[in-house]
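Everything below belongs to my_file04.tsv, which stores TSV, C-alpha atoms and all ligand atoms.
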```tsv
chain	number	residue	atom	x	y	z
A	464	MET	CA	15.99	0.57	-14.75
A	465	THR	CA	13.71	3.47	-15.67
A	466	PRO	CA	10.33	3.70	-13.89
A	467	LYS	CA	8.64	2.47	-17.09
A	468	GLU	CA	10.96	-0.58	-17.22
A	469	LYS	CA	10.29	-1.32	-13.54
A	470	VAL	CA	6.53	-1.20	-14.14
A	471	ALA	CA	6.86	-3.42	-17.22
A	472	ALA	CA	8.95	-5.95	-15.25
A	473	ILE	CA	6.38	-6.09	-12.44
A	474	LYS	CA	3.46	-6.35	-14.90
A	475	ALA	CA	5.14	-9.34	-16.57
A	476	THR	CA	5.63	-11.17	-13.26
A	477	LYS	CA	3.25	-14.02	-12.38
A	478	GLY	CA	3.50	-16.87	-9.88
A	479	PRO	CA	3.54	-17.04	-6.08
A	480	GLY	CA	6.44	-15.29	-4.39
A	481	SER	CA	7.36	-13.15	-7.35
A	482	ILE	CA	6.86	-9.68	-5.81
A	483	ALA	CA	7.89	-8.60	-2.29
A	484	ALA	CA	6.46	-5.17	-1.52
A	485	LEU	CA	6.50	-3.04	1.63
A	486	THR	CA	5.00	0.24	2.68
A	487	CYS	CA	7.51	3.00	3.35
A	488	TYR	CA	7.07	6.50	4.71
A	489	ASP	CA	10.49	8.09	5.19
A	490	TYR	CA	14.03	8.49	3.84
A	491	PRO	CA	16.09	6.16	6.09
A	492	MET	CA	13.55	3.36	5.77
A	493	ALA	CA	13.49	3.81	1.99
A	494	ARG	CA	17.28	3.44	1.87
A	495	LEU	CA	17.27	0.36	4.12
A	496	LEU	CA	14.35	-1.39	2.41
A	497	ASP	CA	15.83	-0.65	-0.98
A	498	GLU	CA	19.17	-2.12	0.08
A	499	SER	CA	17.28	-5.24	1.20
A	500	GLY	CA	16.00	-5.73	-2.36
A	501	THR	CA	12.32	-4.91	-1.82
A	502	ASP	CA	10.60	-4.69	-5.23
A	503	ILE	CA	8.03	-1.99	-4.41
A	504	LEU	CA	7.96	0.81	-1.82
A	505	LEU	CA	4.37	1.92	-1.30
A	506	VAL	CA	3.82	5.32	0.26
A	507	GLY	CA	0.43	4.08	1.39
A	508	ASP	CA	-2.29	5.95	3.20
A	509	SER	CA	-1.78	3.46	6.08
A	510	LEU	CA	0.62	6.31	6.89
A	511	GLY	CA	-2.36	7.93	8.60
A	512	MET	CA	-2.62	5.15	11.16
A	513	VAL	CA	0.91	3.87	11.71
A	514	VAL	CA	2.78	7.19	11.50
A	515	LEU	CA	0.34	10.07	12.00
A	516	GLY	CA	-1.86	8.59	14.73
A	517	PHE	CA	-5.25	8.82	13.00
A	518	PRO	CA	-7.84	6.10	13.64
A	519	ASP	CA	-8.14	5.18	9.93
A	520	THR	CA	-7.04	6.25	6.45
A	521	THR	CA	-9.97	8.61	5.84
A	522	HIS	CA	-8.05	11.42	7.57
A	523	VAL	CA	-5.10	11.28	5.19
A	524	THR	CA	-4.72	14.25	2.85
A	525	LEU	CA	-2.70	14.79	-0.30
A	526	ALA	CA	-0.36	17.06	1.70
A	527	HIS	CA	0.36	14.20	4.12
A	528	ILE	CA	1.21	11.77	1.32
A	529	LEU	CA	3.34	14.35	-0.52
A	530	HIS	CA	5.42	15.12	2.58
A	531	HIS	CA	6.31	11.44	3.04
A	532	LEU	CA	6.57	10.60	-0.66
A	533	GLU	CA	9.15	13.34	-1.17
A	534	ALA	CA	11.24	11.87	1.67
A	535	VAL	CA	11.06	8.36	0.17
A	536	ALA	CA	11.91	9.69	-3.30
A	537	ARG	CA	15.02	11.47	-1.94
A	538	ALA	CA	16.46	8.00	-1.31
A	539	LYS	CA	16.37	7.40	-5.10
A	540	PRO	CA	15.49	3.72	-4.60
A	541	ALA	CA	15.89	1.06	-7.25
A	542	ALA	CA	12.49	-0.20	-6.08
A	543	LEU	CA	9.34	1.07	-7.76
A	544	ILE	CA	7.78	3.91	-5.73
A	545	ILE	CA	3.98	3.74	-5.68
A	546	ALA	CA	1.97	6.46	-3.94
A	547	ASP	CA	-1.62	6.17	-2.76
A	548	LEU	CA	-4.26	8.61	-3.92
A	549	PRO	CA	-5.87	9.67	-0.63
A	550	ILE	CA	-9.63	9.63	-0.16
A	551	HIS	CA	-11.51	12.42	-2.01
A	552	THR	CA	-8.53	13.25	-4.21
A	553	TYR	CA	-9.98	11.14	-7.05
A	554	ASP	CA	-13.71	11.80	-6.99
A	555	THR	CA	-13.78	12.51	-10.75
A	556	PRO	CA	-11.52	11.41	-13.64
A	557	GLU	CA	-10.21	14.98	-13.94
A	558	GLN	CA	-9.38	15.19	-10.24
A	559	ALA	CA	-7.82	11.72	-10.32
A	560	LEU	CA	-5.49	12.74	-13.15
A	561	ALA	CA	-4.59	16.05	-11.50
A	562	THR	CA	-3.75	14.26	-8.22
A	563	ALA	CA	-1.73	11.58	-10.00
A	564	LYS	CA	0.31	14.26	-11.78
A	565	VAL	CA	1.10	15.97	-8.46
A	566	LEU	CA	2.23	12.63	-6.99
A	567	VAL	CA	4.48	11.90	-9.96
A	568	ALA	CA	5.98	15.40	-9.73
A	569	ALA	CA	6.78	14.62	-6.07
A	570	GLY	CA	8.63	11.42	-6.98
A	571	ALA	CA	6.09	8.62	-7.47
A	572	ASP	CA	6.77	6.17	-10.30
A	573	ALA	CA	3.17	4.96	-10.16
A	574	VAL	CA	-0.02	5.58	-8.18
A	575	LYS	CA	-2.60	3.35	-6.50
A	576	LEU	CA	-6.29	3.91	-5.90
A	577	GLU	CA	-9.04	1.84	-4.31
A	578	GLY	CA	-12.02	0.29	-6.06
A	579	GLY	CA	-13.13	-1.57	-9.18
A	580	ILE	CA	-15.73	-0.97	-11.85
A	581	HIS	CA	-16.70	2.48	-10.52
A	582	GLN	CA	-13.10	3.66	-10.67
A	583	ALA	CA	-12.31	2.41	-14.18
A	584	GLU	CA	-12.86	5.79	-15.87
A	585	LYS	CA	-10.54	7.46	-13.34
A	586	VAL	CA	-7.87	4.81	-13.88
A	587	ARG	CA	-8.22	5.24	-17.65
A	588	ALA	CA	-7.78	9.01	-17.37
A	589	ILE	CA	-4.51	8.46	-15.47
A	590	THR	CA	-3.07	5.63	-17.59
A	591	GLN	CA	-3.91	7.44	-20.85
A	592	ALA	CA	-1.74	10.30	-19.59
A	593	GLY	CA	1.15	7.80	-19.29
A	594	ILE	CA	1.07	7.39	-15.51
A	595	PRO	CA	1.12	3.74	-14.33
A	596	VAL	CA	-1.70	2.74	-11.96
A	597	CYS	CA	-1.91	-0.14	-9.48
A	598	GLY	CA	-5.45	-1.22	-8.52
A	599	HIS	CA	-6.66	-2.13	-5.03
A	600	LEU	CA	-9.61	-4.52	-4.56
A	601	GLY	CA	-11.22	-6.56	-1.79
A	602	MET	CA	-11.40	-4.81	1.54
A	603	LEU	CA	-11.03	-1.09	0.88
A	604	PRO	CA	-9.80	0.82	3.95
A	605	GLN	CA	-11.09	4.16	2.62
A	606	GLN	CA	-14.63	2.65	2.86
A	607	VAL	CA	-14.28	1.76	6.55
A	608	LEU	CA	-16.85	4.29	7.75
A	609	GLU	CA	-19.51	3.32	5.15
A	610	GLU	CA	-18.91	-0.40	5.83
A	611	GLY	CA	-18.83	-0.01	9.63
A	612	GLY	CA	-15.46	-1.78	10.04
A	613	TYR	CA	-13.01	-3.98	8.18
A	614	HIS	CA	-14.71	-7.04	6.69
A	615	LYS	CA	-13.18	-10.00	4.87
A	616	LYS	CA	-14.17	-10.15	1.18
A	617	GLY	CA	-14.71	-13.00	-1.26
A	618	LYS	CA	-16.69	-15.12	1.17
A	619	THR	CA	-19.35	-16.05	-1.40
A	620	PRO	CA	-19.21	-16.86	-5.14
A	621	GLU	CA	-21.08	-13.59	-5.79
A	622	GLN	CA	-18.52	-11.54	-3.85
A	623	THR	CA	-15.68	-13.32	-5.62
A	624	GLN	CA	-17.26	-12.64	-9.00
A	625	ALA	CA	-17.73	-8.95	-8.08
A	626	ILE	CA	-14.02	-8.63	-7.25
A	627	LEU	CA	-13.09	-10.43	-10.46
A	628	ASP	CA	-15.39	-8.12	-12.48
A	629	GLY	CA	-13.64	-5.18	-10.82
A	630	ALA	CA	-10.24	-6.62	-11.72
A	631	ILE	CA	-11.26	-7.08	-15.36
A	632	ALA	CA	-12.55	-3.47	-15.53
A	633	LEU	CA	-9.30	-2.19	-14.02
A	634	ILE	CA	-7.16	-4.24	-16.43
A	635	ASP	CA	-9.19	-2.87	-19.34
A	636	ALA	CA	-8.46	0.63	-17.97
A	637	GLY	CA	-4.72	-0.14	-17.95
A	638	VAL	CA	-3.58	-1.10	-14.42
A	639	PHE	CA	-0.27	-2.99	-14.23
A	640	ALA	CA	-0.97	-4.88	-10.95
A	641	ILE	CA	-3.73	-5.22	-8.38
A	642	VAL	CA	-3.43	-5.23	-4.59
A	643	LEU	CA	-5.92	-7.67	-3.05
A	644	GLU	CA	-6.65	-6.87	0.58
A	645	SER	CA	-8.36	-9.22	3.07
A	646	VAL	CA	-9.81	-11.50	0.41
A	647	THR	CA	-10.35	-15.16	1.36
A	648	PRO	CA	-7.54	-17.49	0.20
A	649	ALA	CA	-9.91	-19.39	-2.11
A	650	ALA	CA	-11.21	-16.23	-3.79
A	651	SER	CA	-7.67	-14.77	-4.02
A	652	ARG	CA	-6.50	-17.90	-5.85
A	653	ILE	CA	-9.43	-17.77	-8.29
A	654	ILE	CA	-8.84	-14.09	-9.05
A	655	THR	CA	-5.07	-14.51	-9.35
A	656	GLU	CA	-5.42	-17.47	-11.72
A	657	SER	CA	-8.07	-15.65	-13.80
A	658	ILE	CA	-6.09	-12.55	-14.69
A	659	SER	CA	-2.90	-11.95	-16.66
A	660	ILE	CA	-1.38	-9.22	-14.46
A	661	PRO	CA	0.05	-9.84	-10.97
A	662	THR	CA	-1.98	-9.71	-7.79
A	663	ILE	CA	-0.24	-8.48	-4.63
A	664	GLY	CA	-1.93	-9.77	-1.49
A	665	ILE	CA	-2.23	-8.55	2.07
A	666	GLY	CA	-4.28	-10.54	4.54
A	667	CYS	CA	-5.21	-13.03	1.79
A	668	GLY	CA	-3.24	-16.05	3.04
A	669	GLU	CA	0.13	-17.36	1.90
A	670	SER	CA	0.84	-18.24	-1.74
A	671	THR	CA	-2.61	-17.17	-2.89
A	672	CYS	CA	-1.43	-14.13	-4.85
A	673	ASP	CA	1.56	-13.48	-7.12
A	674	GLY	CA	3.16	-11.12	-4.65
A	675	GLU	CA	2.74	-9.91	-1.12
A	676	ILE	CA	2.72	-6.51	0.50
A	677	ALA	CA	3.14	-5.81	4.19
A	678	VAL	CA	2.79	-2.64	6.20
A	679	VAL	CA	6.39	-2.10	7.28
A	680	THR	CA	5.50	-1.52	10.96
A	681	ASP	CA	3.81	-4.96	11.00
A	682	LEU	CA	7.05	-6.52	9.74
A	683	LEU	CA	9.20	-4.65	12.23
A	684	GLY	CA	6.92	-4.86	15.27
A	685	SER	CA	7.14	-1.10	15.70
A	686	PHE	CA	3.41	-0.32	16.06
A	687	PRO	CA	2.30	-2.57	18.95
A	688	TRP	CA	-1.09	-0.93	19.53
A	689	PHE	CA	-2.70	-2.63	16.55
A	690	VAL	CA	-1.25	-5.75	14.99
A	691	PRO	CA	-3.44	-7.40	12.33
A	692	PRO	CA	-3.93	-11.16	12.85
A	693	PHE	CA	-2.09	-12.01	9.62
A	694	ALA	CA	1.00	-9.90	10.50
A	695	LYS	CA	4.27	-11.80	10.84
A	696	PRO	CA	6.77	-9.52	12.63
A	697	GLU	CA	10.38	-10.51	12.01
A	698	VAL	CA	11.67	-8.33	14.85
A	699	ASN	CA	10.18	-6.51	17.83
A	700	LEU	CA	11.38	-2.94	17.40
A	701	SER	CA	9.01	-1.52	20.00
A	702	ASN	CA	10.77	-3.61	22.70
A	703	SER	CA	14.18	-2.58	21.36
A	704	ILE	CA	13.14	1.10	21.47
A	705	LEU	CA	11.82	0.78	25.04
A	706	GLU	CA	15.01	-0.99	26.13
A	707	ALA	CA	17.30	1.54	24.41
A	708	ALA	CA	15.41	4.52	25.89
A	709	ALA	CA	15.46	2.93	29.36
A	710	LYS	CA	19.24	2.38	29.10
A	711	TYR	CA	19.75	5.98	27.97
A	712	ILE	CA	17.60	7.37	30.81
A	713	ALA	CA	19.47	5.22	33.36
A	714	ARG	CA	22.83	6.42	31.95
A	715	VAL	CA	21.82	10.09	32.14
A	716	ARG	CA	20.33	9.76	35.65
A	717	SER	CA	23.41	7.88	36.91
A	718	ARG	CA	25.35	11.16	36.54
A	719	SER	CA	23.25	12.99	39.13
B	801	LIG	O1	-1.89	2.07	2.53
B	801	LIG	C1	-1.46	0.91	2.55
B	801	LIG	O2	-0.61	0.54	3.36
B	801	LIG	C2	-2.02	-0.05	1.62
B	801	LIG	C3	-1.66	-1.49	1.85
B	801	LIG	C4	-2.58	-2.05	2.86
B	801	LIG	C5	-1.68	-2.26	0.60
B	801	LIG	O3	-2.76	0.30	0.76
```

Encoded form (structure tokens):
Amino acid sequence: MTPKEKVAAIKATKGPGSIAALTCYDYPMARLLDESGTDILLVGDSLGMVVLGFPDTTHVTLAHILHHLEAVARAKPAALIIADLPIHTYDTPEQALATAKVLVAAGADAVKLEGGIHQAEKVRAITQAGIPVCGHLGMLPQQVLEEGGYHKKGKTPEQTQAILDGAIALIDAGVFAIVLESVTPAASRIITESISIPTIGIGCGESTCDGEIAVVTDLLGSFPWFVPPFAKPEVNLSNSILEAAAKYIARVRSRS
């Protein structure tokens, strides 16, 4: 499928369980996740925390994302590659479009940016240039410093309505899907049922959105220093790495 066909297929998908997305930051993981049948590989700015060792995503630059995006793109996955616009690379519609073009030139099929009504003009500038955009609403990690931490969203009818208003503004600006992050299950269901494009949830509860996205290190248990409460690791790679390294060290030292 061409990138445009992949985007169209995802946009047309509704119903719980219809999209399985994962973050991805390098070439071997892109090949493996693609072979597994993952629908979307997101080169997300969570990269900053789970790969680069920063405390949050506000330290991630365009150069960081490009370095990892190029590696993922070299795998030529069948999955849709979405790349995050890092903080302060989309402060104006012109800057947003320029950044999106750089990401597409580096191998992204689509881009993602955080925020609702206030970002609609930026989203429009990108989609009108023919570049597909995925929205991101609810808890916005790039706002962590302003908000003084990570707070669940959609706890009141007013908050739920604000997220829904953001979703409607983004749809009007042309997004093909919306990531909902840390939104209450009840609010996620309302938003998902109220819009025609798919929602892709993380930390929103099970079967509340049309799809789900997980940070790949949460799935693999390979970043043990911070595991979000909603993470469901399927393996414990950090233990396997420790065990393998210990066996190697013992083997080498046994020769002395
Ligand atoms: O950067 C990222 O990993 C994300 C997910 C949390 C959706 O944006």

inquiry  = Nearest residue to ligand LIG 801 (chain B) out of A:Ser703, A:Ser659, A:Thr671, A:Thr680, using only C-alpha atoms and all ligand atoms?
reply    =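 Ranked by minimum distance to ligand LIG 801 (chain B), first place goes to A:Thr680.
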
request  = Would you mind reading off the distance between atom CA of Pro549 of chain A and atom CA of Leu603 of chain A, one decimal, in Å?
outcome  =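 These atoms are spaced 12.0 Å apart.
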
task = Between A:Leu548, A:Pro518, A:Ser509, A:Pro648, single out the one closest to Asp681 of chain A, counting only C-alpha atoms.
result = A:Ser509

request  = Name all residues at most 10 Å from Asp508 of chain A (count all atoms listed in the file; drop same-chain ones fewer than 5 positions away) and give them as a ChimeraX atom specification.
outcome  = /A:486,488,513-514,519-525,527-528,546-550,604-605

Selected residues written out, C-alpha atoms, as a PDB file, in the coordinates of the input:
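Generated output (out21.pdb):
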```
ATOM      1  CA  THR A 486       5.000   0.240   2.680  1.00  0.00           C
ATOM      2  CA  TYR A 488       7.070   6.500   4.710  1.00  0.00           C
ATOM      3  CA  VAL A 513       0.910   3.870  11.710  1.00  0.00           C
ATOM      4  CA  VAL A 514       2.780   7.190  11.500  1.00  0.00           C
ATOM      5  CA  ASP A 519      -8.140   5.180   9.930  1.00  0.00           C
ATOM      6  CA  THR A 520      -7.040   6.250   6.450  1.00  0.00           C
ATOM      7  CA  THR A 521      -9.970   8.610   5.840  1.00  0.00           C
ATOM      8  CA  HIS A 522      -8.050  11.420   7.570  1.00  0.00           C
ATOM      9  CA  VAL A 523      -5.100  11.280   5.190  1.00  0.00           C
ATOM     10  CA  THR A 524      -4.720  14.250   2.850  1.00  0.00           C
ATOM     11  CA  LEU A 525      -2.700  14.790  -0.300  1.00  0.00           C
ATOM     12  CA  HIS A 527       0.360  14.200   4.120  1.00  0.00           C
ATOM     13  CA  ILE A 528       1.210  11.770   1.320  1.00  0.00           C
ATOM     14  CA  ALA A 546       1.970   6.460  -3.940  1.00  0.00           C
ATOM     15  CA  ASP A 547      -1.620   6.170  -2.760  1.00  0.00           C
ATOM     16  CA  LEU A 548      -4.260   8.610  -3.920  1.00  0.00           C
ATOM     17  CA  PRO A 549      -5.870   9.670  -0.630  1.00  0.00           C
ATOM     18  CA  ILE A 550      -9.630   9.630  -0.160  1.00  0.00           C
ATOM     19  CA  PRO A 604      -9.800   0.820   3.950  1.00  0.00           C
ATOM     20  CA  GLN A 605     -11.090   4.160   2.620  1.00  0.00           C
TER      21      GLN A 605
END
```

Box for segment 491-507 of chain A - axis-aligned, 8 Å on each of the six sides, all listed atoms - centre and size in Å to one decimal, as AutoDock Vina command-line options.
```
--center_x 9.8 --center_y 0.2 --center_z 0.4 --size_x 34.7 --size_y 27.9 --size_z 27.3
```

ask   = Counting all atoms listed in the file, which protein, DNA or RNA residues come within 7 Å of ligand LIG 801 (chain B), given as a list in words?
value =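 The distance check yields Thr486, Leu505, Val506, Gly507, Asp508, Ser509, Leu510, Asp547, Val642, Glu644, Ile665, Ile676, Ala677 and Val678 of chain A.
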
inquiry  = Here is a test: counting only C-alpha atoms, which residue of A:Thr619, A:Ser685, A:Ser645, A:Ser651 is nearest to Gly666 of chain A?
reply    =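 Selected residue with least distance to Gly666 of chain A: A:Ser645.
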